[in-house]
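Below is one structure, written out as structure tokens, with a few remarks after it.
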Amino acid sequence: MVNSFFGISSRQRAVALPTASRLVGAYLVATAGTVVALVVLSITAPDRATANAWGHAIIVAVFAVVLPLRLRRAQSGGRGGIRAVGVIAATLLLVNVIEAVIPGFVPFWMRIEMVIVALLMVGVVLDVVRWAVMHKN
């Protein structure tokens with residue numbers, strides 16, 4: 001007999017969003033690396049650690065706390081958690097792409113970080129969509 005929660009078996013819940021989990025881990029590493037780079041640059045080359053760069057890094061760090069929490073809820077099989085992961089990832093994708101193309105908004109090195117985060121979030125969104133298509137019930 002299979003226990004179910006909203007029509008999702010415990011086995012399906014255990015494997016919800018495996019790709020997203022790895023991508024969110026990479027996002028956490030990128031975010032931590034960005035904050036460390038900004039700290040170092042604030043000391044060694046303050047002109048490369050701009051106020052806009054810090055503002056972006058702080059917002060991305062907040063999402064780096066929220067996203068894994070929502071992912072954990074999603075992996076327990078909750079549709080609300082999966083939806084939240086998709087919305088957060090899509091928001092991060094759009095914000096990073098928009099900010100990366102604004103001329104002079106942040107230093108070039110941070111634009112690269114933004115593109116990397118956007119690409120990671122594309123993968124998360126695709127994993128959420130894949131899961132949703134497989135579990136239409």
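Chain labels follow the order of the structure tokens: the first chain is A, the next B, and so on; residue numbering restarts at 1 in every chain, and ligands are counted from 1 in their shown order.
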
Skipping near chain neighbours, those fewer than 3 positions away, what residues fall within 7 Å of region 126-129 of chain A using only C-alpha atoms, listed as a PDB file with N, CA, C and O atoms, in the first residue's frame?
```
ATOM      1  N   LEU A  17      11.988  17.257  -7.788  1.00  0.00           N
ATOM      2  CA  LEU A  17      12.939  18.298  -8.167  1.00  0.00           C
ATOM      3  C   LEU A  17      14.411  17.975  -7.863  1.00  0.00           C
ATOM      4  O   LEU A  17      15.119  18.795  -7.283  1.00  0.00           O
ATOM      5  N   THR A  19      16.971  17.813  -9.940  1.00  0.00           N
ATOM      6  CA  THR A  19      17.851  18.720 -10.690  1.00  0.00           C
ATOM      7  C   THR A  19      17.843  20.100 -10.048  1.00  0.00           C
ATOM      8  O   THR A  19      18.895  20.728  -9.886  1.00  0.00           O
ATOM      9  N   ALA A  20      16.686  20.563  -9.664  1.00  0.00           N
ATOM     10  CA  ALA A  20      16.580  21.868  -9.003  1.00  0.00           C
ATOM     11  C   ALA A  20      17.414  21.894  -7.732  1.00  0.00           C
ATOM     12  O   ALA A  20      18.035  22.908  -7.414  1.00  0.00           O
ATOM     13  N   ILE A  82       6.408  23.645  -4.501  1.00  0.00           N
ATOM     14  CA  ILE A  82       6.921  23.551  -5.868  1.00  0.00           C
ATOM     15  C   ILE A  82       6.587  24.816  -6.644  1.00  0.00           C
ATOM     16  O   ILE A  82       7.422  25.367  -7.359  1.00  0.00           O
ATOM     17  N   GLY A  86       9.239  27.628  -8.260  1.00  0.00           N
ATOM     18  CA  GLY A  86       9.144  28.117  -9.636  1.00  0.00           C
ATOM     19  C   GLY A  86       9.034  29.625  -9.715  1.00  0.00           C
ATOM     20  O   GLY A  86       9.696  30.271 -10.540  1.00  0.00           O
ATOM     21  N   VAL A 122      17.133  29.171 -14.959  1.00  0.00           N
ATOM     22  CA  VAL A 122      16.459  28.552 -16.113  1.00  0.00           C
ATOM     23  C   VAL A 122      16.307  27.062 -15.850  1.00  0.00           C
ATOM     24  O   VAL A 122      15.238  26.476 -16.055  1.00  0.00           O
ATOM     25  N   GLY A 123      17.375  26.442 -15.369  1.00  0.00           N
ATOM     26  CA  GLY A 123      17.325  25.013 -15.057  1.00  0.00           C
ATOM     27  C   GLY A 123      16.318  24.690 -13.970  1.00  0.00           C
ATOM     28  O   GLY A 123      15.596  23.688 -14.051  1.00  0.00           O
ATOM     29  N   ALA A 132       5.700  19.520 -12.956  1.00  0.00           N
ATOM     30  CA  ALA A 132       4.279  19.852 -13.085  1.00  0.00           C
ATOM     31  C   ALA A 132       3.627  19.075 -14.226  1.00  0.00           C
ATOM     32  O   ALA A 132       2.491  18.607 -14.102  1.00  0.00           O
ATOM     33  N   VAL A 133       4.332  18.916 -15.320  1.00  0.00           N
ATOM     34  CA  VAL A 133       3.789  18.181 -16.462  1.00  0.00           C
ATOM     35  C   VAL A 133       3.641  16.694 -16.100  1.00  0.00           C
ATOM     36  O   VAL A 133       2.648  16.058 -16.460  1.00  0.00           O
TER      37      VAL A 133
END
```

### Task
Tell me, as a PyMOL selection string, which residues lie within 6 Å of Gln75 (chain A), counting only C-alpha atoms; anything in the same chain fewer than 2 positions away does not count.
chain A and resi 13+16+72-73+77

Write the selection just made, keeping all heavy atoms, as a tab-separated table (two decimals), in the first residue's frame?
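Output (again.tsv):
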```
chain	number	residue	atom	x	y	z
A	13	ARG	N	7.34	11.96	-3.80
A	13	ARG	CA	7.74	13.10	-2.99
A	13	ARG	C	9.24	13.08	-2.72
A	13	ARG	O	9.88	14.11	-2.71
A	13	ARG	CB	6.99	13.10	-1.66
A	13	ARG	CG	5.57	13.55	-1.77
A	13	ARG	CD	5.00	13.88	-0.42
A	13	ARG	NE	5.27	12.88	0.59
A	13	ARG	CZ	4.39	11.99	1.03
A	13	ARG	NH1	3.17	11.98	0.54
A	13	ARG	NH2	4.71	11.12	1.94
A	16	ALA	N	11.16	14.56	-5.73
A	16	ALA	CA	10.68	15.80	-6.36
A	16	ALA	C	11.84	16.77	-6.57
A	16	ALA	O	12.59	17.06	-5.65
A	16	ALA	CB	9.59	16.44	-5.52
A	72	ARG	N	12.97	22.73	0.10
A	72	ARG	CA	12.77	21.63	1.04
A	72	ARG	C	11.28	21.29	1.14
A	72	ARG	O	10.89	20.13	1.16
A	72	ARG	CB	13.32	21.98	2.42
A	72	ARG	CG	13.24	20.80	3.35
A	72	ARG	CD	13.84	20.96	4.71
A	72	ARG	NE	14.61	22.13	4.94
A	72	ARG	CZ	14.78	22.69	6.12
A	72	ARG	NH1	14.19	22.16	7.18
A	72	ARG	NH2	15.51	23.76	6.28
A	73	ARG	N	10.45	22.32	1.19
A	73	ARG	CA	8.99	22.10	1.23
A	73	ARG	C	8.52	21.44	-0.07
A	73	ARG	O	7.69	20.54	-0.06
A	73	ARG	CB	8.28	23.44	1.43
A	73	ARG	CG	6.79	23.34	1.39
A	73	ARG	CD	6.25	22.71	2.65
A	73	ARG	NE	4.79	22.74	2.60
A	73	ARG	CZ	4.03	21.70	2.86
A	73	ARG	NH1	4.56	20.57	3.25
A	73	ARG	NH2	2.73	21.80	2.77
A	77	GLY	N	6.85	17.18	-1.43
A	77	GLY	CA	5.72	16.88	-2.29
A	77	GLY	C	4.62	17.91	-2.29
A	77	GLY	O	3.61	17.73	-2.95
```

#### Entry: Residue set, region 67-137 of chain A restricted to alpha helix (DSSP H), as an MDAnalysis selection string
chainID A and resid 67:75 79:101 108:134

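Closest approach to Gly55 (chain A) among A:Val39, A:Val24, A:Val106, A:Ala89: A:Val106, based on only C-alpha atoms.
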
Name the residues in contact with Val101 (chain A) at a cut-off of 10 Å, using only C-alpha atoms, excluding same-chain residues fewer than 4 positions from it; report them as an mmCIF file with C-alpha atoms, in the first residue's frame.
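And here is the file that came out, selection.cif:
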```cif
data_model
loop_
_atom_site.group_PDB
_atom_site.id
_atom_site.type_symbol
_atom_site.label_atom_id
_atom_site.label_comp_id
_atom_site.auth_asym_id
_atom_site.auth_seq_id
_atom_site.Cartn_x
_atom_site.Cartn_y
_atom_site.Cartn_z
ATOM 1 C CA ASN A 96 19.305 39.016 -13.066
ATOM 2 C CA VAL A 97 18.836 39.298 -16.814
ATOM 3 C CA PHE A 105 24.666 49.277 -13.151
ATOM 4 C CA VAL A 106 27.270 46.899 -11.733
ATOM 5 C CA ARG A 111 27.364 40.857 -14.799
ATOM 6 C CA MET A 114 24.226 37.536 -12.903
ATOM 7 C CA VAL A 115 24.264 35.580 -16.155
#
```

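Reported to one decimal place, the separation of CA of Thr31 (chain A) from CA of Ala51 (chain A) is 16.6 Å.
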
Within 7 Å of Leu23 (chain A), counting only C-alpha atoms, which residues qualify if same-chain residues fewer than 4 places away don't, as a compact mmCIF listing (two decimals) with all heavy atoms, in the first residue's frame?
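This is the output file out-v7.txt:
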```txt
# COMPACT_ATOMS: atom_id res chain seq x y z
N THR A 19 16.97 17.81 -9.94
CA THR A 19 17.85 18.72 -10.69
C THR A 19 17.84 20.10 -10.05
O THR A 19 18.90 20.73 -9.89
CB THR A 19 17.40 18.81 -12.17
OG1 THR A 19 17.42 17.49 -12.72
CG2 THR A 19 18.30 19.72 -12.96
N TYR A 27 23.68 27.68 -6.93
CA TYR A 27 23.28 29.07 -6.70
C TYR A 27 23.79 29.55 -5.35
O TYR A 27 24.28 30.67 -5.22
CB TYR A 27 21.75 29.17 -6.79
CG TYR A 27 21.17 30.46 -6.29
CD1 TYR A 27 21.41 31.66 -6.95
CD2 TYR A 27 20.38 30.49 -5.16
CE1 TYR A 27 20.87 32.85 -6.49
CE2 TYR A 27 19.83 31.67 -4.70
CZ TYR A 27 20.08 32.85 -5.36
OH TYR A 27 19.55 34.02 -4.90
N LEU A 120 21.33 29.23 -14.06
CA LEU A 120 20.94 28.26 -13.03
C LEU A 120 19.43 28.28 -12.81
O LEU A 120 18.79 27.24 -12.68
CB LEU A 120 21.67 28.55 -11.72
CG LEU A 120 23.18 28.31 -11.70
CD1 LEU A 120 23.80 28.87 -10.43
CD2 LEU A 120 23.50 26.84 -11.85
N VAL A 124 16.24 25.53 -12.94
CA VAL A 124 15.27 25.30 -11.86
C VAL A 124 13.85 25.42 -12.40
O VAL A 124 12.99 24.57 -12.12
CB VAL A 124 15.51 26.28 -10.68
CG1 VAL A 124 14.40 26.13 -9.64
CG2 VAL A 124 16.87 26.04 -10.04
```

### Message
I'd like to know which of A:Arg130, A:Trp54, A:Ala100, A:Ile59 is closest to Leu41 (chain A), using only C-alpha atoms.
### Response
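Once distances to Leu41 (chain A) are computed over only C-alpha atoms, the minimum belongs to A:Trp54.
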
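Comparing the minimum interatomic distances between Arg83 (chain A) and each of A:Met134, A:Leu71, A:Val65, A:Val36, counting only C-alpha atoms, we find that A:Leu71 sits nearest.
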